[in-house]
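Student: Take a look at this one; I'll ask things after.
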2 protein chains.
Amino acid sequence: MERTIVDYQEGSVQEKLQKILGDVEEDGGTCPIRNILVRFSDKWSTLSIFHLGDAGTLRFNELKKRVDGISQRMLTVTLRNLERDGIVTRRVYPEIPPRVEYQLTDLGRSLLVQIIELGDWASNHSNQIIEARSRFDAREGRVIDSVSLN
Amino acid sequence: MERTIVDYQEGSVQEKLQKILGDVEEDGGTCPIRNILVRFSDKWSTLSIFHLGDAGTLRFNELKKRVDGISQRMLTVTLRNLERDGIVTRRVYPEIPPRVEYQLTDLGRSLLVQIIELGDWASNHSNQIIEARSRFDAREGRVIDSVSLN
DNA sequence: CTGTATCCCTGATGATACTG
DNA sequence: CAGTATCATCAGGGATACAG
């Protein structure tokens, strides 16, 4: 029913995997790919990028309202890191009270496309995953949370 | 030079984003999409999936050798979680010494395709990101690491 | 070989209060 | 409004030793 890796897409997927594996394992800590994956792994970055991609331009507090549950501090940290990586721009208007507008850069929009695909995958497969978890937990007779086993 | 979101792919990207945003913000904590994104955000899961996708089938220690720097404990935890989510299968051979083989499920392979795309994006844009970081750090006159600002 | 069980420590993050 | 600064917490994850 599911297709294999090879014929699922344009056929270059295997090559991409090889390339990634080569890069990824070359230096155990400072590898840029790991670095980048680690960054966009975190939930606040992902959600911020989603909302900025959706809205186009947002002020600090507008974004804060949309990203449900984020604290002021974490939004600041997240936006700084995204700005540093060239994913978002930060524009400050010298007014009182201050106005700061954020939006995705071209680089950010190209990243957005990728994480939308990932989010779409998650959305489309969440049922399968939830069912798998239920079966597993039933077999084990206990719950294993994210990093328990302690 | 960069294309916009709209024409970059089949045109449904906007719709996907809407759908994701709807799902993602509906319940601030237990949302399955958040759950899933959070899981595949972590570096060990991603790397394990890469290597299993590359090799097909791997024993515990074979995988451990390939995933540079992972501890025994974290490999166990990672594999349990992936198994629980239906991403990998775990087959135990009743031999002495024990042999345990892991491989991706169909679900896992379909996920692999997505994270390969993300990894490929990271690989292709790592230079831009590294340069952006340099410029930012030069402007700021100091380094901001992942979550400092303390 | 393939795990489990402990101990421990650091970094990520929320809460709160303060500032330009 | 848009942050910074500080404090406190706690889960992620390494090291190590033990087990089937």
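Scheme for the structure tokens: letters A, B, ... for chains in order shown; per-chain residue numbers from 1; ligand numbers from 1 in order shown.
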Need the shell around A:Leu118: protein/DNA/RNA residues with any atom at most 8 Å away, counting only C-alpha atoms (C1' of nucleotides). Skip same-chain ones fewer than 2 positions apart. Format as number ranges by chain?
Tutor: A: 114-116, 120-122; B: 37, 114-115
Student: Would you save the residues of that selection, restricted to N, CA, C and O atoms, as an mmCIF file, in the first residue's frame?
Tutor:
```cif
data_model
loop_
_atom_site.group_PDB
_atom_site.id
_atom_site.type_symbol
_atom_site.label_atom_id
_atom_site.label_comp_id
_atom_site.auth_asym_id
_atom_site.auth_seq_id
_atom_site.Cartn_x
_atom_site.Cartn_y
_atom_site.Cartn_z
ATOM 1 N N GLN A 114 9.067 23.864 3.734
ATOM 2 C CA GLN A 114 9.487 22.549 4.217
ATOM 3 C C GLN A 114 8.732 22.133 5.471
ATOM 4 O O GLN A 114 8.271 20.998 5.579
ATOM 5 N N ILE A 115 8.624 23.038 6.415
ATOM 6 C CA ILE A 115 7.987 22.616 7.653
ATOM 7 C C ILE A 115 6.479 22.509 7.501
ATOM 8 O O ILE A 115 5.823 21.793 8.239
ATOM 9 N N ILE A 116 5.931 23.191 6.525
ATOM 10 C CA ILE A 116 4.506 22.961 6.226
ATOM 11 C C ILE A 116 4.322 21.529 5.761
ATOM 12 O O ILE A 116 3.383 20.849 6.165
ATOM 13 N N ASP A 120 2.035 18.984 7.535
ATOM 14 C CA ASP A 120 0.975 18.338 6.777
ATOM 15 C C ASP A 120 1.064 16.825 6.938
ATOM 16 O O ASP A 120 0.052 16.138 7.131
ATOM 17 N N TRP A 121 2.271 16.323 6.887
ATOM 18 C CA TRP A 121 2.463 14.890 7.123
ATOM 19 C C TRP A 121 1.929 14.511 8.499
ATOM 20 O O TRP A 121 1.182 13.543 8.650
ATOM 21 N N ALA A 122 2.326 15.298 9.494
ATOM 22 C CA ALA A 122 1.882 15.014 10.857
ATOM 23 C C ALA A 122 0.360 15.042 10.941
ATOM 24 O O ALA A 122 -0.264 14.180 11.559
ATOM 25 N N LEU B 37 5.326 16.914 16.047
ATOM 26 C CA LEU B 37 6.438 17.773 15.664
ATOM 27 C C LEU B 37 7.492 17.789 16.757
ATOM 28 O O LEU B 37 8.692 17.737 16.480
ATOM 29 N N GLN B 114 9.871 13.061 4.378
ATOM 30 C CA GLN B 114 9.689 14.445 4.810
ATOM 31 C C GLN B 114 10.942 15.011 5.453
ATOM 32 O O GLN B 114 11.355 16.132 5.151
ATOM 33 N N ILE B 115 11.530 14.240 6.358
ATOM 34 C CA ILE B 115 12.678 14.828 7.053
ATOM 35 C C ILE B 115 13.909 14.854 6.170
ATOM 36 O O ILE B 115 14.809 15.650 6.384
#
```
Student: Please identify every residue of chain A that has at least one atom no more than 6 Å from any atom of chain B, counting only C-alpha atoms, and report them as a PyMOL selection string.
Tutor: chain A and resi 33+41+84-86+114+118+122-123+129+132-133+136
Student: Kindly save the residues from that selection, with N, CA and C atoms included, as a PDB file, in the first residue's frame.
Tutor:
```pdb
ATOM      1  N   ILE A  33      24.274  21.075   9.736  1.00  0.00           N
ATOM      2  CA  ILE A  33      22.955  20.477   9.507  1.00  0.00           C
ATOM      3  C   ILE A  33      22.297  20.095  10.818  1.00  0.00           C
ATOM      4  N   SER A  41      13.669  22.372  15.293  1.00  0.00           N
ATOM      5  CA  SER A  41      12.966  21.317  15.930  1.00  0.00           C
ATOM      6  C   SER A  41      12.100  21.878  17.019  1.00  0.00           C
ATOM      7  N   ARG A  84      18.686  35.991  13.968  1.00  0.00           N
ATOM      8  CA  ARG A  84      20.106  35.702  13.812  1.00  0.00           C
ATOM      9  C   ARG A  84      20.371  34.750  12.658  1.00  0.00           C
ATOM     10  N   ASP A  85      19.486  33.797  12.483  1.00  0.00           N
ATOM     11  CA  ASP A  85      19.666  32.820  11.418  1.00  0.00           C
ATOM     12  C   ASP A  85      19.177  33.327  10.072  1.00  0.00           C
ATOM     13  N   GLY A  86      18.689  34.542  10.045  1.00  0.00           N
ATOM     14  CA  GLY A  86      18.228  35.093   8.769  1.00  0.00           C
ATOM     15  C   GLY A  86      16.880  34.569   8.334  1.00  0.00           C
ATOM     16  N   GLN A 114       9.067  23.864   3.734  1.00  0.00           N
ATOM     17  CA  GLN A 114       9.487  22.549   4.217  1.00  0.00           C
ATOM     18  C   GLN A 114       8.732  22.133   5.471  1.00  0.00           C
ATOM     19  N   LEU A 118       6.105  19.025   6.544  1.00  0.00           N
ATOM     20  CA  LEU A 118       6.227  18.169   7.709  1.00  0.00           C
ATOM     21  C   LEU A 118       4.961  18.233   8.570  1.00  0.00           C
ATOM     22  N   ALA A 122       2.326  15.298   9.494  1.00  0.00           N
ATOM     23  CA  ALA A 122       1.882  15.014  10.857  1.00  0.00           C
ATOM     24  C   ALA A 122       0.360  15.042  10.941  1.00  0.00           C
ATOM     25  N   SER A 123      -0.210  16.026  10.304  1.00  0.00           N
ATOM     26  CA  SER A 123      -1.660  16.157  10.315  1.00  0.00           C
ATOM     27  C   SER A 123      -2.329  14.941   9.675  1.00  0.00           C
ATOM     28  N   ILE A 129      -0.527   7.372  14.134  1.00  0.00           N
ATOM     29  CA  ILE A 129       0.418   7.427  15.244  1.00  0.00           C
ATOM     30  C   ILE A 129      -0.287   7.235  16.573  1.00  0.00           C
ATOM     31  N   ALA A 132      -1.110   3.646  16.906  1.00  0.00           N
ATOM     32  CA  ALA A 132       0.096   2.878  17.209  1.00  0.00           C
ATOM     33  C   ALA A 132       0.459   3.007  18.686  1.00  0.00           C
ATOM     34  N   ARG A 133       0.327   4.205  19.185  1.00  0.00           N
ATOM     35  CA  ARG A 133       0.644   4.422  20.597  1.00  0.00           C
ATOM     36  C   ARG A 133      -0.301   3.617  21.495  1.00  0.00           C
ATOM     37  N   PHE A 136       0.681  -0.041  21.412  1.00  0.00           N
ATOM     38  CA  PHE A 136       1.920  -0.246  22.149  1.00  0.00           C
ATOM     39  C   PHE A 136       1.665  -0.208  23.654  1.00  0.00           C
TER      40      PHE A 136
END
```
Student: Taking only C-alpha atoms (C1' of nucleotides) into account, find every residue of chain D that has an atom no more than 12 Å from chain A, and write it out as a PyMOL selection string.
Tutor: chain D and resi 1-5+11-13
Student: When the cut-off is 12 Å and we count only C-alpha atoms (C1' of nucleotides), which residues of chain C are near chain B, given as number ranges by chain?
Tutor: C: 1-5, 11-13
Student: Emit the selected residues as a CSV table (one decimal), in the first residue's frame, including N, CA, C and O atoms (P, O5', C5', C4', C3', O3' and C1' of nucleotides).
Tutor:
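Here's the written file result_2.csv:
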```
chain,number,residue,atom,x,y,z
C,1,DC,P,28.9,-7.1,21.6
C,1,DC,O5',27.8,-8.2,21.8
C,1,DC,C5',27.1,-8.6,20.6
C,1,DC,C4',25.6,-8.7,20.9
C,1,DC,C3',24.9,-7.3,20.8
C,1,DC,O3',23.7,-7.4,20.1
C,1,DC,C1',24.6,-8.3,22.9
C,2,DT,P,22.8,-6.1,19.7
C,2,DT,O5',21.9,-5.9,21.0
C,2,DT,C5',20.9,-6.9,21.3
C,2,DT,C4',20.2,-6.6,22.5
C,2,DT,C3',19.6,-5.1,22.6
C,2,DT,O3',18.3,-5.2,23.1
C,2,DT,C1',20.9,-5.6,24.5
C,3,DG,P,17.3,-3.9,22.8
C,3,DG,O5',18.0,-2.7,23.7
C,3,DG,C5',17.3,-2.2,24.8
C,3,DG,C4',17.5,-3.1,26.0
C,3,DG,C3',17.1,-2.4,27.3
C,3,DG,O3',15.8,-3.0,27.7
C,3,DG,C1',19.2,-3.6,27.5
C,4,DT,P,14.8,-1.9,28.4
C,4,DT,O5',15.0,-2.2,29.9
C,4,DT,C5',16.1,-2.9,30.4
C,4,DT,C4',16.1,-2.8,32.0
C,4,DT,C3',15.4,-1.7,32.7
C,4,DT,O3',15.1,-2.2,34.0
C,4,DT,C1',17.7,-1.4,32.9
C,5,DA,P,14.3,-1.2,35.0
C,5,DA,O5',15.5,-0.7,36.0
C,5,DA,C5',16.4,-1.6,36.5
C,5,DA,C4',17.3,-0.8,37.5
C,5,DA,C3',16.7,0.4,38.2
C,5,DA,O3',17.1,0.4,39.6
C,5,DA,C1',18.6,1.1,37.0
C,11,DG,P,25.1,24.3,30.6
C,11,DG,O5',23.8,24.3,29.7
C,11,DG,C5',23.4,23.0,29.1
C,11,DG,C4',22.0,23.1,28.7
C,11,DG,C3',21.5,24.4,28.2
C,11,DG,O3',20.4,24.2,27.3
C,11,DG,C1',20.4,24.0,30.2
C,12,DA,P,20.0,25.3,26.2
C,12,DA,O5',18.4,25.2,26.3
C,12,DA,C5',17.8,23.9,26.2
C,12,DA,C4',16.5,24.0,26.9
C,12,DA,C3',15.6,25.1,26.4
C,12,DA,O3',14.3,24.7,26.1
C,12,DA,C1',15.8,25.2,28.7
C,13,DT,P,13.3,25.5,25.4
C,13,DT,O5',12.4,26.1,26.6
C,13,DT,C5',11.7,25.2,27.5
C,13,DT,C4',11.2,26.0,28.6
C,13,DT,C3',10.4,27.3,28.3
C,13,DT,O3',9.1,27.2,28.8
C,13,DT,C1',11.8,27.5,30.2
```
Student: Using Å and a single decimal, report how far atom CA of B:Leu75 sits from atom CA of A:Ser12.
Tutor: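 If I compute the distance from atom CA of A:Ser12 to atom CA of B:Leu75, I get 28.7 Å.
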Student: How many Å separate atom CA of B:Leu58 from atom CA of B:Tyr93?
Tutor: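 These two atoms are separated by 13.1 Å.
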Student: From a DSSP pass on the backbone, collect the residues of stretch 4-111 of chain B flagged as helix (DSSP H, G or I) and hand them back as number ranges by chain.
Tutor: B: 5-8, 13-24, 32-39, 43-55, 60-66, 72-84, 106-111
Student: Excluding D:DA8 and residues on its chain fewer than 6 positions from it, collect all residues at most 12 Å away from it, counting only C-alpha atoms (C1' of nucleotides), and give them as an NGL selection string.
Tutor: :C and (13-16)
Student: Keeping only C-alpha atoms (C1' of nucleotides), write the selected residues as a PDB file, in the first residue's frame.
Tutor:
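And here is the file that came out, again.pdb:
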```pdb
ATOM      1  C1'  DT C  13      11.834  27.536  30.175  1.00  0.00           C
ATOM      2  C1'  DG C  14       8.006  29.676  33.025  1.00  0.00           C
ATOM      3  C1'  DA C  15       6.903  33.372  36.377  1.00  0.00           C
ATOM      4  C1'  DT C  16       7.608  37.662  37.967  1.00  0.00           C
TER       5       DT C  16
END
```
Student: Could you jot down the atom CA of A:Gly22 to atom CA of B:Leu63 separation for me, Å, one decimal place?
Tutor: 15.5 Å
